[in-house]
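Participant: Pasting upload.cif here (mmCIF, N, CA and C atoms):
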data_structure
loop_
_atom_site.label_atom_id
_atom_site.label_comp_id
_atom_site.auth_asym_id
_atom_site.auth_seq_id
_atom_site.Cartn_x
_atom_site.Cartn_y
_atom_site.Cartn_z
N MET A 1 -14.74 3.22 21.35
CA MET A 1 -13.82 3.98 20.54
C MET A 1 -13.97 5.45 20.90
N GLY A 2 -12.85 6.10 21.16
CA GLY A 2 -12.89 7.50 21.54
C GLY A 2 -13.20 8.41 20.38
N GLU A 3 -13.54 9.65 20.71
CA GLU A 3 -13.87 10.64 19.67
C GLU A 3 -12.69 10.88 18.73
N GLU A 4 -11.49 10.89 19.29
CA GLU A 4 -10.29 11.10 18.47
C GLU A 4 -10.12 9.98 17.44
N ASN A 5 -10.31 8.73 17.86
CA ASN A 5 -10.22 7.60 16.94
C ASN A 5 -11.29 7.66 15.86
N GLY A 6 -12.50 8.06 16.25
CA GLY A 6 -13.59 8.19 15.28
C GLY A 6 -13.27 9.22 14.21
N LYS A 7 -12.70 10.36 14.63
CA LYS A 7 -12.31 11.40 13.67
C LYS A 7 -11.21 10.89 12.75
N MET A 8 -10.25 10.15 13.32
CA MET A 8 -9.15 9.62 12.51
C MET A 8 -9.68 8.65 11.46
N ILE A 9 -10.58 7.76 11.85
CA ILE A 9 -11.13 6.79 10.92
C ILE A 9 -11.94 7.51 9.83
N GLU A 10 -12.69 8.52 10.22
CA GLU A 10 -13.46 9.30 9.24
C GLU A 10 -12.53 9.96 8.22
N GLU A 11 -11.43 10.52 8.70
CA GLU A 11 -10.46 11.17 7.81
C GLU A 11 -9.82 10.15 6.86
N ILE A 12 -9.48 8.98 7.38
CA ILE A 12 -8.90 7.92 6.55
C ILE A 12 -9.89 7.50 5.47
N MET A 13 -11.15 7.34 5.84
CA MET A 13 -12.16 6.92 4.86
C MET A 13 -12.34 7.97 3.77
N LYS A 14 -12.32 9.25 4.13
CA LYS A 14 -12.41 10.31 3.12
C LYS A 14 -11.22 10.24 2.17
N HIS A 15 -10.03 10.01 2.73
CA HIS A 15 -8.83 9.91 1.90
C HIS A 15 -8.93 8.70 0.97
N LEU A 16 -9.37 7.57 1.49
CA LEU A 16 -9.52 6.36 0.66
C LEU A 16 -10.53 6.59 -0.45
N ASP A 17 -11.63 7.26 -0.14
CA ASP A 17 -12.64 7.56 -1.17
C ASP A 17 -12.04 8.43 -2.26
N ALA A 18 -11.27 9.45 -1.88
CA ALA A 18 -10.65 10.35 -2.86
C ALA A 18 -9.65 9.59 -3.73
N GLU A 19 -8.88 8.69 -3.14
CA GLU A 19 -7.91 7.91 -3.91
C GLU A 19 -8.62 6.96 -4.88
N SER A 20 -9.71 6.34 -4.44
CA SER A 20 -10.41 5.38 -5.30
C SER A 20 -11.02 6.08 -6.51
N VAL A 21 -11.41 7.34 -6.37
CA VAL A 21 -11.93 8.11 -7.50
C VAL A 21 -10.84 8.27 -8.56
N GLN A 22 -9.57 8.30 -8.11
CA GLN A 22 -8.44 8.46 -9.02
C GLN A 22 -7.98 7.13 -9.62
N GLY A 23 -8.65 6.03 -9.28
CA GLY A 23 -8.31 4.75 -9.87
C GLY A 23 -7.52 3.81 -8.99
N VAL A 24 -7.24 4.21 -7.76
CA VAL A 24 -6.51 3.35 -6.85
C VAL A 24 -7.43 2.23 -6.41
N TYR A 25 -6.97 1.00 -6.48
CA TYR A 25 -7.82 -0.11 -6.07
C TYR A 25 -7.25 -0.89 -4.90
N ARG A 26 -6.07 -0.54 -4.46
CA ARG A 26 -5.50 -1.21 -3.30
C ARG A 26 -4.62 -0.22 -2.55
N MET A 27 -4.81 -0.16 -1.26
CA MET A 27 -4.03 0.76 -0.44
C MET A 27 -3.69 0.09 0.88
N SER A 28 -2.65 0.58 1.50
CA SER A 28 -2.28 0.14 2.84
C SER A 28 -2.38 1.34 3.77
N VAL A 29 -2.88 1.10 4.96
CA VAL A 29 -2.94 2.13 5.98
C VAL A 29 -2.08 1.66 7.13
N ASN A 30 -1.06 2.44 7.45
CA ASN A 30 -0.15 2.09 8.53
C ASN A 30 -0.26 3.13 9.64
N PHE A 31 -0.30 2.66 10.87
CA PHE A 31 -0.34 3.54 12.02
C PHE A 31 1.01 3.46 12.72
N ASP A 32 1.61 4.61 12.94
CA ASP A 32 2.88 4.67 13.66
C ASP A 32 2.65 5.42 14.96
N GLU A 33 2.49 4.67 16.02
CA GLU A 33 2.20 5.28 17.31
C GLU A 33 3.38 6.10 17.85
N ASP A 34 4.58 5.88 17.32
CA ASP A 34 5.76 6.60 17.78
C ASP A 34 6.05 7.85 16.94
N SER A 35 5.24 8.10 15.93
CA SER A 35 5.48 9.24 15.04
C SER A 35 5.30 10.55 15.79
N THR A 36 6.14 11.51 15.46
CA THR A 36 6.01 12.84 16.05
C THR A 36 5.08 13.72 15.23
N GLU A 37 4.79 13.31 13.98
CA GLU A 37 3.86 14.05 13.13
C GLU A 37 2.43 13.60 13.44
N PRO A 38 1.48 14.53 13.45
CA PRO A 38 0.10 14.12 13.72
C PRO A 38 -0.46 13.20 12.63
N LYS A 39 -0.06 13.42 11.37
CA LYS A 39 -0.47 12.53 10.29
C LYS A 39 0.48 12.74 9.12
N SER A 40 0.57 11.72 8.33
CA SER A 40 1.43 11.78 7.16
C SER A 40 0.84 10.86 6.10
N VAL A 41 0.69 11.37 4.88
CA VAL A 41 0.17 10.58 3.78
C VAL A 41 1.32 10.29 2.82
N SER A 42 1.48 9.04 2.49
CA SER A 42 2.54 8.64 1.59
C SER A 42 1.94 7.92 0.38
N HIS A 43 2.48 8.18 -0.79
CA HIS A 43 2.02 7.48 -1.98
C HIS A 43 3.01 6.39 -2.40
N GLU A 44 3.84 5.96 -1.45
CA GLU A 44 4.73 4.84 -1.73
C GLU A 44 3.90 3.58 -1.91
N CYS A 45 4.48 2.62 -2.59
CA CYS A 45 3.77 1.36 -2.81
C CYS A 45 3.55 0.61 -1.51
N CYS A 46 2.50 -0.16 -1.50
CA CYS A 46 2.25 -1.00 -0.33
C CYS A 46 3.23 -2.16 -0.32
N ASN A 47 3.33 -2.82 0.80
CA ASN A 47 4.21 -3.97 0.92
C ASN A 47 3.48 -5.24 0.49
N MET A 48 4.20 -6.08 -0.21
CA MET A 48 3.65 -7.33 -0.70
C MET A 48 4.73 -8.39 -0.56
N TYR A 49 4.44 -9.47 0.12
CA TYR A 49 5.40 -10.54 0.33
C TYR A 49 6.67 -10.04 1.04
N GLY A 50 6.52 -9.09 1.94
CA GLY A 50 7.65 -8.61 2.73
C GLY A 50 8.55 -7.63 2.01
N ARG A 51 8.16 -7.19 0.82
CA ARG A 51 8.95 -6.21 0.05
C ARG A 51 8.00 -5.13 -0.46
N PRO A 52 8.55 -3.98 -0.85
CA PRO A 52 7.69 -2.99 -1.50
C PRO A 52 7.07 -3.62 -2.74
N ALA A 53 5.80 -3.32 -3.00
CA ALA A 53 5.09 -3.94 -4.13
C ALA A 53 5.81 -3.69 -5.46
N SER A 54 6.39 -2.50 -5.63
CA SER A 54 7.07 -2.21 -6.89
C SER A 54 8.27 -3.14 -7.09
N GLU A 55 8.96 -3.48 -6.01
CA GLU A 55 10.09 -4.41 -6.09
C GLU A 55 9.60 -5.81 -6.43
N THR A 56 8.50 -6.24 -5.82
CA THR A 56 7.95 -7.56 -6.10
C THR A 56 7.54 -7.67 -7.56
N VAL A 57 6.87 -6.64 -8.08
CA VAL A 57 6.45 -6.65 -9.49
C VAL A 57 7.68 -6.69 -10.40
N GLY A 58 8.72 -5.94 -10.05
CA GLY A 58 9.95 -5.96 -10.85
C GLY A 58 10.59 -7.35 -10.88
N LEU A 59 10.63 -8.01 -9.72
CA LEU A 59 11.19 -9.35 -9.67
C LEU A 59 10.37 -10.33 -10.49
N LEU A 60 9.05 -10.21 -10.44
CA LEU A 60 8.19 -11.08 -11.24
C LEU A 60 8.39 -10.83 -12.73
N ASP A 61 8.54 -9.56 -13.12
CA ASP A 61 8.81 -9.24 -14.52
C ASP A 61 10.14 -9.83 -14.96
N MET A 62 11.16 -9.73 -14.10
CA MET A 62 12.48 -10.27 -14.43
C MET A 62 12.39 -11.79 -14.60
N TYR A 63 11.68 -12.45 -13.69
CA TYR A 63 11.50 -13.89 -13.78
C TYR A 63 10.81 -14.27 -15.08
N THR A 64 9.77 -13.52 -15.45
CA THR A 64 9.06 -13.78 -16.70
C THR A 64 9.98 -13.61 -17.90
N ASP A 65 10.77 -12.53 -17.90
CA ASP A 65 11.69 -12.28 -19.01
C ASP A 65 12.74 -13.39 -19.13
N MET A 66 13.25 -13.84 -17.99
CA MET A 66 14.29 -14.88 -18.00
C MET A 66 13.74 -16.22 -18.49
N ASN A 67 12.46 -16.45 -18.27
CA ASN A 67 11.87 -17.74 -18.61
C ASN A 67 10.87 -17.66 -19.76
N ALA A 68 10.96 -16.62 -20.56
CA ALA A 68 10.04 -16.46 -21.68
C ALA A 68 10.17 -17.65 -22.62
N GLY A 69 9.05 -18.24 -22.93
CA GLY A 69 9.05 -19.36 -23.86
C GLY A 69 9.35 -20.70 -23.23
N GLU A 70 9.67 -20.71 -21.95
CA GLU A 70 9.97 -21.97 -21.27
C GLU A 70 8.86 -22.25 -20.25
N PRO A 71 8.45 -23.50 -20.11
CA PRO A 71 7.45 -23.79 -19.10
C PRO A 71 8.01 -23.58 -17.69
N ASP A 72 7.16 -23.22 -16.75
CA ASP A 72 7.58 -23.00 -15.37
C ASP A 72 7.98 -24.29 -14.69
N ARG A 73 7.50 -25.41 -15.13
CA ARG A 73 7.78 -26.68 -14.46
C ARG A 73 8.32 -27.68 -15.44
#
Using structure tokens, write down the structure that the file contains.

Facilitator:
Amino acid sequence: MGEENGKMIEEIMKHLDAESVQGVYRMSVNFDEDSTEPKSVSHECCNMYGRPASETVGLLDMYTDMNAGEPDR
């Protein structure tokens, strides 16, 4: 692993540590080799089941509301 990669991983770990202090318990790290920016931090939701996590949670909430009081099977 090159020195540049080591520095990048160290920076990511510092960022993850800072986020976990704030109560974050799950994060995604994405590398975009085609990006023109040297680095970019986003607080968007991670992807879950091929959709943004917030959308997945919303769909699950909607499903629960539609089926409240009814068994799933």

Participant: So which residues are close to (-6.5, 7.8, 7.1), meaning at most 10 Å away in the file's coordinates with only C-alpha atoms counted, and can you show them as a list of chain:residue names?

Facilitator: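 Final list of nearby residues, as requested, is A:Lys7, A:Met8, A:Ile9, A:Glu10, A:Glu11, A:Ile12, A:Met13, A:Lys14, A:His15, A:Leu16, A:Ser28, A:Val29, A:Asn30, A:Phe31, A:Lys39, A:Ser40, A:Val41.
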
Participant: Work out how far apart CA of Gly23 (chain A) and CA of Glu4 (chain A) are and give it in Å to one decimal.

Facilitator: 29.1 Å

Participant: Can you tell me how far CA of Tyr63 (chain A) sits from atom C of Arg26 (chain A), in Å to one decimal?

Facilitator: 23.9 Å

Participant: Quick one: pull the distance between CA of Gly2 (chain A) and CA of Ala18 (chain A), Å, one decimal.

Facilitator: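 These two atoms are separated by 24.7 Å.
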